[in-house]
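What's in data-v6.csv: CSV, C-alpha atoms
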chain,number,residue,atom,x,y,z
A,1,MET,CA,47.3,103.2,116.7
A,2,LYS,CA,45.6,101.0,119.2
A,3,LEU,CA,47.1,97.9,117.5
A,4,LYS,CA,50.6,99.4,117.6
A,5,LYS,CA,50.3,100.1,121.4
A,6,ARG,CA,49.1,96.6,122.0
A,7,THR,CA,52.0,95.2,120.0
A,8,ARG,CA,54.5,97.2,121.9
A,9,ASN,CA,53.0,96.2,125.2
A,10,LEU,CA,53.0,92.5,124.3
A,11,ALA,CA,56.7,92.8,123.3
A,12,GLU,CA,57.5,94.7,126.5
A,13,THR,CA,55.7,92.2,128.6
A,14,ARG,CA,57.4,89.3,126.9
A,15,ARG,CA,60.8,91.0,127.6
A,16,ALA,CA,60.0,91.6,131.2
A,17,ILE,CA,58.9,87.9,131.7
A,18,LEU,CA,62.0,86.6,129.9
A,19,ASP,CA,64.4,88.7,132.0
A,20,ALA,CA,62.8,87.8,135.3
A,21,ALA,CA,62.7,84.1,134.2
A,22,PHE,CA,66.3,84.2,133.2
A,23,ASN,CA,67.3,85.6,136.7
A,24,GLU,CA,65.1,83.1,138.5
A,25,ILE,CA,66.5,80.1,136.5
A,26,HIS,CA,70.1,81.4,136.9
A,27,ALA,CA,69.7,81.6,140.7
A,28,HIS,CA,67.7,78.4,141.3
A,29,GLY,CA,67.9,76.2,138.3
A,30,PHE,CA,65.0,75.4,136.0
A,31,HIS,CA,63.2,72.8,138.1
A,32,ALA,CA,63.4,74.9,141.3
A,33,SER,CA,62.3,78.1,139.5
A,34,SER,CA,58.9,79.3,140.5
A,35,VAL,CA,56.5,80.9,138.1
A,36,ASP,CA,55.0,82.7,141.1
A,37,ALA,CA,58.4,84.4,141.8
A,38,ILE,CA,58.6,85.5,138.2
A,39,LEU,CA,55.1,87.0,138.4
A,40,GLU,CA,56.0,88.7,141.6
A,41,GLN,CA,59.1,90.2,140.0
A,42,THR,CA,57.2,91.5,137.0
A,43,GLY,CA,53.9,92.4,138.7
A,44,LEU,CA,52.1,90.5,136.0
A,45,THR,CA,49.2,88.0,136.3
A,46,LYS,CA,49.4,84.3,135.5
A,47,GLY,CA,47.1,84.9,132.6
A,48,ALA,CA,49.4,87.5,131.1
A,49,LEU,CA,52.3,85.0,131.3
A,50,PHE,CA,50.5,82.0,130.0
A,51,HIS,CA,49.1,84.1,127.2
A,52,GLN,CA,52.6,84.3,125.8
A,53,PHE,CA,54.1,81.0,127.0
A,54,ALA,CA,52.1,77.9,126.8
A,55,SER,CA,53.9,76.3,129.8
A,56,LYS,CA,56.9,76.7,132.1
A,57,LEU,CA,58.8,74.5,129.7
A,58,GLN,CA,58.1,76.8,126.7
A,59,LEU,CA,59.1,79.7,128.8
A,60,GLY,CA,62.4,77.9,129.6
A,61,TYR,CA,63.0,77.3,125.9
A,62,ALA,CA,62.4,81.0,125.1
A,63,VAL,CA,64.9,82.0,127.8
A,64,VAL,CA,67.6,80.0,126.1
A,65,ASP,CA,66.7,81.3,122.6
A,66,GLU,CA,65.9,84.9,123.4
A,67,VAL,CA,68.1,85.7,126.4
A,68,LEU,CA,71.0,83.1,126.8
A,69,THR,CA,72.0,82.9,123.2
A,70,PRO,CA,72.3,86.7,122.5
A,71,MET,CA,73.9,87.1,126.0
A,72,THR,CA,76.6,84.5,125.3
A,73,LEU,CA,77.5,86.2,122.0
A,74,ALA,CA,77.4,89.7,123.6
A,75,ARG,CA,79.7,88.6,126.4
A,76,TRP,CA,82.2,86.3,124.6
A,77,ILE,CA,82.2,87.0,120.9
A,78,GLU,CA,81.1,90.5,119.9
A,79,PRO,CA,83.8,92.3,122.1
A,80,LEU,CA,86.5,90.4,120.2
A,81,ALA,CA,86.0,92.5,117.2
A,82,ALA,CA,87.7,95.5,119.0
A,83,PHE,CA,91.0,93.6,119.3
A,84,GLU,CA,93.4,93.4,116.4
A,85,ASN,CA,94.8,90.3,118.1
A,86,PRO,CA,91.9,87.9,118.9
A,87,LEU,CA,94.0,86.0,121.5
A,88,GLU,CA,94.4,89.3,123.5
A,89,GLY,CA,90.6,89.8,123.2
A,90,ILE,CA,89.9,86.3,124.5
A,91,LEU,CA,92.2,86.8,127.5
A,92,HIS,CA,90.6,90.2,128.1
A,93,GLN,CA,87.1,88.7,128.1
A,94,MET,CA,88.3,85.9,130.4
A,95,ARG,CA,89.5,88.6,132.8
A,96,THR,CA,86.4,90.7,132.5
A,97,ASN,CA,83.7,88.0,132.5
A,98,ILE,CA,85.3,85.6,135.0
A,99,VAL,CA,88.4,86.7,136.8
A,100,ASP,CA,87.2,90.2,137.7
A,101,ALA,CA,83.6,89.2,138.3
A,102,PRO,CA,82.3,89.5,141.9
A,103,GLN,CA,82.3,86.3,143.9
A,104,ALA,CA,78.5,86.6,144.4
A,105,MET,CA,78.0,86.5,140.6
A,106,LEU,CA,80.4,83.6,140.2
A,107,ASN,CA,78.6,81.7,142.9
A,108,LEU,CA,75.5,81.6,140.6
A,109,GLY,CA,77.6,79.8,138.0
A,110,CYS,CA,77.5,80.2,134.2
A,111,PRO,CA,73.9,80.2,133.2
A,112,LEU,CA,74.7,78.0,130.2
A,113,ASN,CA,76.7,75.5,132.2
A,114,ASN,CA,74.0,75.3,134.9
A,115,LEU,CA,71.3,74.5,132.3
A,116,ILE,CA,73.5,71.9,130.5
A,117,GLN,CA,74.1,70.0,133.8
A,118,GLU,CA,70.5,70.2,134.8
A,119,MET,CA,68.5,69.8,131.6
A,120,ALA,CA,70.6,68.5,128.6
A,121,ASN,CA,70.1,64.9,129.5
A,122,SER,CA,66.5,65.0,130.5
A,123,ASP,CA,64.7,67.1,127.9
A,124,ARG,CA,65.3,67.1,124.2
A,125,GLY,CA,64.0,70.6,123.7
A,126,PHE,CA,66.6,72.0,126.1
A,127,GLN,CA,69.2,69.6,124.7
A,128,ARG,CA,68.9,70.9,121.1
A,129,ARG,CA,68.9,74.6,122.2
A,130,LEU,CA,71.8,74.3,124.6
A,131,ARG,CA,73.9,72.5,122.0
A,132,GLN,CA,73.2,75.4,119.6
A,133,VAL,CA,74.4,77.9,122.2
A,134,ILE,CA,77.7,76.0,122.6
A,135,GLU,CA,78.1,75.7,118.8
A,136,ALA,CA,77.5,79.4,118.3
A,137,TRP,CA,80.1,80.2,121.0
A,138,LEU,CA,82.6,77.8,119.4
A,139,ASP,CA,81.9,79.1,115.9
A,140,GLY,CA,82.5,82.6,117.1
A,141,ILE,CA,85.8,81.9,118.7
A,142,GLU,CA,86.9,79.8,115.8
A,143,ALA,CA,86.1,82.7,113.3
A,144,HIS,CA,88.1,85.2,115.3
A,145,VAL,CA,91.1,82.8,115.7
A,146,LYS,CA,91.0,82.4,111.9
A,147,ARG,CA,91.0,86.2,111.5
A,148,GLY,CA,94.1,86.2,113.7
A,149,GLN,CA,95.7,83.7,111.4
A,150,GLN,CA,95.0,86.0,108.5
A,151,SER,CA,96.5,89.0,110.3
A,152,GLY,CA,99.6,87.1,111.6
A,153,HIS,CA,98.6,87.0,115.3
A,154,VAL,CA,98.1,83.3,115.4
A,155,ARG,CA,100.2,80.6,113.8
A,156,ARG,CA,98.8,79.2,110.6
A,157,SER,CA,99.7,75.7,111.7
A,158,VAL,CA,97.2,75.9,114.6
A,159,ASP,CA,93.7,74.3,114.2
A,160,ALA,CA,91.3,77.2,114.9
A,161,ARG,CA,88.5,74.8,116.0
A,162,GLU,CA,90.8,73.1,118.6
A,163,VAL,CA,91.7,76.5,120.0
A,164,ALA,CA,88.0,77.3,120.3
A,165,GLU,CA,87.3,74.0,122.0
A,166,TYR,CA,90.1,74.6,124.5
A,167,VAL,CA,89.0,78.1,125.3
A,168,VAL,CA,85.3,77.3,125.8
A,169,THR,CA,86.1,74.2,127.8
A,170,LEU,CA,88.5,75.9,130.1
A,171,GLN,CA,86.0,78.8,130.7
A,172,GLU,CA,83.1,76.5,131.4
A,173,GLY,CA,85.3,74.4,133.7
A,174,ALA,CA,86.5,77.6,135.5
A,175,PHE,CA,82.9,78.6,136.2
A,176,SER,CA,82.2,75.2,137.5
A,177,ILE,CA,85.2,75.0,139.8
A,178,VAL,CA,84.8,78.5,141.2
A,179,LYS,CA,81.1,77.8,141.9
A,180,GLY,CA,82.0,74.6,143.7
A,181,MET,CA,84.9,76.1,145.6
A,182,ARG,CA,83.2,79.4,146.5
A,183,ASP,CA,86.6,81.0,146.0
A,184,LYS,CA,87.9,82.7,142.9
A,185,ARG,CA,91.6,82.4,143.7
A,186,VAL,CA,91.8,79.4,141.3
A,187,LEU,CA,91.1,81.8,138.4
A,188,VAL,CA,94.5,83.4,138.7
A,189,SER,CA,96.3,80.2,137.8
A,190,LEU,CA,93.7,79.3,135.0
A,191,LEU,CA,94.3,82.7,133.4
A,192,LYS,CA,98.1,82.1,133.6
A,193,SER,CA,97.6,78.7,132.0
A,194,MET,CA,95.6,80.2,129.2
A,195,GLU,CA,98.3,82.9,128.7
A,196,ALA,CA,101.0,80.1,128.5
A,197,VAL,CA,99.0,78.2,125.9
A,198,PHE,CA,98.4,81.3,123.8
A,199,ALA,CA,102.1,82.2,124.0
A,200,GLY,CA,102.7,78.8,122.3
A,201,ILE,CA,100.4,79.6,119.4
A,202,GLY,CA,101.2,83.3,118.8
A,203,PRO,CA,103.7,84.6,116.3
A,204,VAL,CA,107.0,82.7,116.3
B,1,MET,CA,74.2,36.7,166.7
B,2,LYS,CA,70.9,38.3,166.1
B,3,LEU,CA,72.5,41.8,166.7
B,4,LYS,CA,75.2,41.0,164.2
B,5,LYS,CA,72.8,40.0,161.5
B,6,ARG,CA,70.7,43.1,162.1
B,7,THR,CA,73.8,45.3,161.8
B,8,ARG,CA,74.9,43.6,158.6
B,9,ASN,CA,71.4,44.1,157.1
B,10,LEU,CA,71.3,47.7,158.1
B,11,ALA,CA,74.7,48.3,156.4
B,12,GLU,CA,73.6,46.4,153.3
B,13,THR,CA,70.3,48.3,153.1
B,14,ARG,CA,72.1,51.6,153.5
B,15,ARG,CA,74.5,50.7,150.7
B,16,ALA,CA,71.7,49.6,148.4
B,17,ILE,CA,69.8,52.9,149.0
B,18,LEU,CA,72.9,55.0,148.5
B,19,ASP,CA,73.8,53.3,145.2
B,20,ALA,CA,70.3,53.6,143.9
B,21,ALA,CA,70.1,57.2,145.0
B,22,PHE,CA,73.4,58.0,143.4
B,23,ASN,CA,72.2,56.6,140.0
B,24,GLU,CA,68.9,58.4,140.3
B,25,ILE,CA,70.6,61.7,141.1
B,26,HIS,CA,73.2,61.2,138.4
B,27,ALA,CA,70.5,60.7,135.8
B,28,HIS,CA,67.9,63.3,136.8
B,29,GLY,CA,69.6,65.7,139.2
B,30,PHE,CA,68.7,66.1,142.9
B,31,HIS,CA,65.5,68.1,142.6
B,32,ALA,CA,64.0,65.8,139.9
B,33,SER,CA,65.1,62.6,141.7
B,34,SER,CA,62.2,60.5,143.0
B,35,VAL,CA,62.3,58.7,146.4
B,36,ASP,CA,59.7,56.3,144.9
B,37,ALA,CA,62.1,55.4,142.0
B,38,ILE,CA,64.9,54.7,144.6
B,39,LEU,CA,62.5,52.5,146.5
B,40,GLU,CA,61.5,50.7,143.4
B,41,GLN,CA,65.1,50.0,142.4
B,42,THR,CA,65.9,48.6,145.8
B,43,GLY,CA,62.6,46.9,146.6
B,44,LEU,CA,62.6,48.6,150.0
B,45,THR,CA,59.8,50.3,151.9
B,46,LYS,CA,59.6,54.0,152.6
B,47,GLY,CA,59.9,53.2,156.3
B,48,ALA,CA,63.2,51.3,155.7
B,49,LEU,CA,64.6,54.3,153.8
B,50,PHE,CA,63.5,57.0,156.3
B,51,HIS,CA,64.7,54.8,159.2
B,52,GLN,CA,68.3,55.5,157.9
B,53,PHE,CA,67.9,58.9,156.3
B,54,ALA,CA,65.8,61.6,158.0
B,55,SER,CA,64.9,63.3,154.7
B,56,LYS,CA,65.6,63.3,151.0
B,57,LEU,CA,68.1,66.1,151.7
B,58,GLN,CA,70.0,64.0,154.2
B,59,LEU,CA,70.1,61.1,151.7
B,60,GLY,CA,71.6,63.6,149.2
B,61,TYR,CA,74.3,64.6,151.6
B,62,ALA,CA,75.1,60.9,152.3
B,63,VAL,CA,75.4,60.3,148.6
B,64,VAL,CA,78.1,63.0,148.4
B,65,ASP,CA,79.9,61.8,151.5
B,66,GLU,CA,79.7,58.0,151.0
B,67,VAL,CA,79.5,57.5,147.2
B,68,LEU,CA,80.7,60.6,145.3
B,69,THR,CA,83.8,61.3,147.4
B,70,PRO,CA,85.3,57.8,147.4
B,71,MET,CA,84.3,57.4,143.7
B,72,THR,CA,86.1,60.6,142.7
B,73,LEU,CA,89.3,59.5,144.5
B,74,ALA,CA,89.0,55.9,143.0
B,75,ARG,CA,88.6,57.2,139.5
B,76,TRP,CA,91.1,60.1,139.4
B,77,ILE,CA,93.6,59.8,142.2
B,78,GLU,CA,94.2,56.2,143.3
B,79,PRO,CA,95.2,54.9,139.8
B,80,LEU,CA,98.0,57.5,139.6
B,81,ALA,CA,100.0,55.5,142.1
B,82,ALA,CA,100.7,52.9,139.4
B,83,PHE,CA,102.5,55.5,137.2
B,84,GLU,CA,106.1,56.4,137.8
B,85,ASN,CA,105.4,59.6,135.8
B,86,PRO,CA,102.2,61.1,137.3
B,87,LEU,CA,101.7,63.3,134.2
B,88,GLU,CA,101.4,60.0,132.2
B,89,GLY,CA,98.9,58.7,134.8
B,90,ILE,CA,96.8,61.9,134.6
B,91,LEU,CA,96.6,61.6,130.7
B,92,HIS,CA,95.8,57.9,131.1
B,93,GLN,CA,92.9,58.6,133.4
B,94,MET,CA,91.7,61.4,131.2
B,95,ARG,CA,91.6,58.8,128.3
B,96,THR,CA,90.0,56.1,130.4
B,97,ASN,CA,87.4,58.2,132.3
B,98,ILE,CA,86.4,60.7,129.7
B,99,VAL,CA,87.8,60.2,126.1
B,100,ASP,CA,87.0,56.4,126.0
B,101,ALA,CA,83.8,56.5,128.0
B,102,PRO,CA,80.6,55.6,126.1
B,103,GLN,CA,78.6,58.6,124.8
B,104,ALA,CA,75.6,57.4,126.8
B,105,MET,CA,77.6,57.7,130.0
B,106,LEU,CA,79.1,61.1,129.0
B,107,ASN,CA,75.5,62.3,128.3
B,108,LEU,CA,74.8,61.9,132.0
B,109,GLY,CA,77.6,64.3,132.8
B,110,CYS,CA,80.1,64.3,135.7
B,111,PRO,CA,78.1,63.6,138.9
B,112,LEU,CA,80.1,66.1,140.8
B,113,ASN,CA,79.8,68.8,138.1
B,114,ASN,CA,76.0,68.2,137.9
B,115,LEU,CA,75.5,68.6,141.6
B,116,ILE,CA,77.7,71.7,141.8
B,117,GLN,CA,75.7,73.5,139.1
B,118,GLU,CA,72.4,72.4,140.6
B,119,MET,CA,73.0,72.7,144.4
B,120,ALA,CA,76.1,74.6,145.3
B,121,ASN,CA,74.4,77.9,145.4
B,122,SER,CA,71.1,77.0,146.9
B,123,ASP,CA,72.0,74.7,149.8
B,124,ARG,CA,74.8,75.2,152.3
B,125,GLY,CA,75.0,71.5,153.2
B,126,PHE,CA,75.6,70.5,149.6
B,127,GLN,CA,77.9,73.6,149.2
B,128,ARG,CA,80.3,72.5,151.9
B,129,ARG,CA,80.3,68.8,150.9
B,130,LEU,CA,80.9,69.5,147.2
B,131,ARG,CA,83.7,71.9,148.0
B,132,GLN,CA,85.3,69.2,150.0
B,133,VAL,CA,85.1,66.8,147.0
B,134,ILE,CA,86.8,69.3,144.7
B,135,GLU,CA,89.5,70.0,147.3
B,136,ALA,CA,90.2,66.3,147.8
B,137,TRP,CA,90.6,65.9,144.0
B,138,LEU,CA,92.9,69.0,143.8
B,139,ASP,CA,94.9,67.8,146.8
B,140,GLY,CA,95.4,64.4,145.2
B,141,ILE,CA,96.6,65.7,141.9
B,142,GLU,CA,98.9,68.2,143.6
B,143,ALA,CA,100.5,65.5,145.7
B,144,HIS,CA,101.2,63.3,142.7
B,145,VAL,CA,102.6,66.3,140.7
B,146,LYS,CA,104.9,66.9,143.7
B,147,ARG,CA,106.0,63.3,143.7
B,148,GLY,CA,106.8,63.8,140.0
B,149,GLN,CA,108.9,66.8,140.8
B,150,GLN,CA,110.8,64.6,143.3
B,151,SER,CA,111.4,61.9,140.8
B,152,GLY,CA,112.4,64.3,138.0
B,153,HIS,CA,109.3,63.8,135.8
B,154,VAL,CA,108.0,67.3,136.4
B,155,ARG,CA,110.0,70.5,136.4
B,156,ARG,CA,110.7,71.9,139.9
B,157,SER,CA,109.9,75.4,138.7
B,158,VAL,CA,106.2,74.4,138.2
B,159,ASP,CA,103.6,75.2,140.8
B,160,ALA,CA,102.0,71.8,141.5
B,161,ARG,CA,98.8,73.4,142.8
B,162,GLU,CA,98.4,75.3,139.5
B,163,VAL,CA,98.8,72.1,137.5
B,164,ALA,CA,96.1,70.5,139.7
B,165,GLU,CA,93.8,73.4,139.1
B,166,TYR,CA,94.4,73.3,135.3
B,167,VAL,CA,93.8,69.5,135.2
B,168,VAL,CA,90.6,69.5,137.2
B,169,THR,CA,89.2,72.5,135.5
B,170,LEU,CA,89.8,71.1,132.0
B,171,GLN,CA,88.3,67.8,132.9
B,172,GLU,CA,85.1,69.3,134.5
B,173,GLY,CA,84.9,71.6,131.5
B,174,ALA,CA,85.2,68.6,129.2
B,175,PHE,CA,82.4,66.8,130.9
B,176,SER,CA,80.3,69.9,130.6
B,177,ILE,CA,80.9,70.6,126.9
B,178,VAL,CA,80.5,66.9,125.9
B,179,LYS,CA,77.2,66.7,127.8
B,180,GLY,CA,76.0,69.9,126.1
B,181,MET,CA,77.2,68.9,122.6
B,182,ARG,CA,76.1,65.2,122.8
B,183,ASP,CA,79.3,64.6,120.8
B,184,LYS,CA,82.6,63.4,122.2
B,185,ARG,CA,84.7,64.4,119.2
B,186,VAL,CA,85.7,67.6,121.1
B,187,LEU,CA,87.6,65.4,123.6
B,188,VAL,CA,90.3,64.5,121.1
B,189,SER,CA,91.4,68.1,120.9
B,190,LEU,CA,91.2,68.6,124.7
B,191,LEU,CA,93.4,65.6,125.2
B,192,LYS,CA,95.9,67.0,122.7
B,193,SER,CA,95.8,70.3,124.4
B,194,MET,CA,96.6,68.7,127.8
B,195,GLU,CA,99.4,66.7,126.2
B,196,ALA,CA,100.9,69.9,124.8
B,197,VAL,CA,100.7,71.6,128.2
B,198,PHE,CA,102.3,68.6,129.9
B,199,ALA,CA,105.1,68.5,127.3
B,200,GLY,CA,105.9,72.1,128.5
B,201,ILE,CA,106.3,71.1,132.1
B,202,GLY,CA,108.0,67.7,131.7
B,203,PRO,CA,111.8,67.2,132.0
B,204,VAL,CA,113.8,69.8,130.0
Take the structure in this file and express it as structure tokens.
Amino acid sequence: MKLKKRTRNLAETRRAILDAAFNEIHAHGFHASSVDAILEQTGLTKGALFHQFASKLQLGYAVVDEVLTPMTLARWIEPLAAFENPLEGILHQMRTNIVDAPQAMLNLGCPLNNLIQEMANSDRGFQRRLRQVIEAWLDGIEAHVKRGQQSGHVRRSVDAREVAEYVVTLQEGAFSIVKGMRDKRVLVSLLKSMEAVFAGIGPV
Amino acid sequence: MKLKKRTRNLAETRRAILDAAFNEIHAHGFHASSVDAILEQTGLTKGALFHQFASKLQLGYAVVDEVLTPMTLARWIEPLAAFENPLEGILHQMRTNIVDAPQAMLNLGCPLNNLIQEMANSDRGFQRRLRQVIEAWLDGIEAHVKRGQQSGHVRRSVDAREVAEYVVTLQEGAFSIVKGMRDKRVLVSLLKSMEAVFAGIGPV
């Protein structure tokens, strides 16, 4: 009984630290993130944090593995299952996750994109993990586009991987430009451009 | 005579510091950049650097204004003047600046994209300057697309600003994905996708 409680508390503590660390890194980047700010948000002691994560770097890795990866799939891939036509689903998620997002959220940028720019070149541990997140995102889109080819919603002549690469690139680019412009109007034309490209690969 | 020499030396020193600072920031990001590394690259003293730039932040701003802005125009806009058809020019620059670039260079990412992700949300001085770089890039592409509409290379029904937004977004997205993937193969399909979009807005 005591062991069980302790296990639950450790898991809950870990979750609280990871969530706070994700928010801190999303807002400030990894280098500028402060362990003290994470402790303040969670009300935990430094000892409790370093009991679970050997260093700030290890905490950063765990944020990618345990928060960013499942979040990316939950935001961009899992909702596609509800759409008979995956291209409609992709456009819907582009609207929900980017076009209709509040400017204040867009100003923070895409958490994956932020970390790639900041860390992919300077740390191999981040590099490998961030690459895996992109690959999981691409694999997910590709699988749904292939499903659309089976069901006749996407032309069979289309390369599903290329569609996935176009989609993920345009979305990461959109996050980048909107963060830099501080103005989401640009998203309207990006959505139109994606609609035009999809019209060209839909059923003839 | 003495005054002239001193002026020239100040200008040369400023240039050397800015170039070294640009390289340092491109490789490591602004926060992780070290003033000592910049001094080591230039062989200058701390006094010489802080005589011209009041702080590391002011040096960062000057890098955006005096290096990044002219570099962006020199890489993406000025070469378009040599192409009768601006769409051909845009595809050519996409090939030259991204698709054919060495992977080691691509691993560093786009210097503009890196700084947007790292600094646009946390510092108003960077925010304003980075926005101006994107706007100059968009304005330049838009002007050339309009020239193409005049000369009959681009359909008049097309919104030139939307084309510019699509081009800059896809290119910044491409830098981001290739930096994250450490693999430039994805660029082949992005170039194909841009060619297909351009085929749709070229002469009927």
How far is it from CA of Ala62 (chain A) to CA of Ile177 (chain B), in Å with one decimal? 21.3 Å
Could you tell me which residues of chain B sit within 8 Å of chain A when counting only C-alpha atoms, and give me the result as a ChimeraX atom specification? /B:27-29,31-32,107-109,113-114,116-118,120-122,127,130-131,134-135,162,165-166,169-174,176-177,179-182,186,189-190,193,197
I'd like the interatomic distance between CA of Gln41 (chain A) and CA of Ala20 (chain A), to a tenth of an Å.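 Separating CA of Gln41 (chain A) from CA of Ala20 (chain A) is a distance of 6.4 Å.
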Which distance in Å separates CA of Pro86 (chain B) and CA of Val145 (chain B), to one decimal?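 Interatomic distance here is 6.2 Å.
Using all atoms listed in the file, the residues found no farther than 12 Å from Leu57 (chain A), other than those of its own chain fewer than 6 positions away, are Ala21, Ile25, Phe30, His31, Ser33, Ser34, Val35, Phe50, Val63, Val64, Met119, Asp123, Arg124, Gly125 and Phe126 of chain A.
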With a distance cut-off of 10 Å and only C-alpha atoms, select the neighbouring residues of Leu18 (chain A), excluding the residue or stretch itself and same-chain residues fewer than 3 positions from it, and output the selection as a PyMOL selection string. chain A and resi 12-15+21-24+38+42+49+59-60+62-64+66-67
Here is a test: counting all atoms listed in the file, which residue of B:Gln150, B:Leu39, B:Lys184, B:Asp65 is nearest to Met105 (chain B)? B:Lys184
Can you report as AutoDock Vina command-line options the centre and edge lengths in Å, to one decimal, of an axis-aligned box around the listed atoms of region 163-181 of chain A padded with 3 Å on each side?
--center_x 86.4 --center_y 76.4 --center_z 132.8 --size_x 16.6 --size_y 10.8 --size_z 31.6
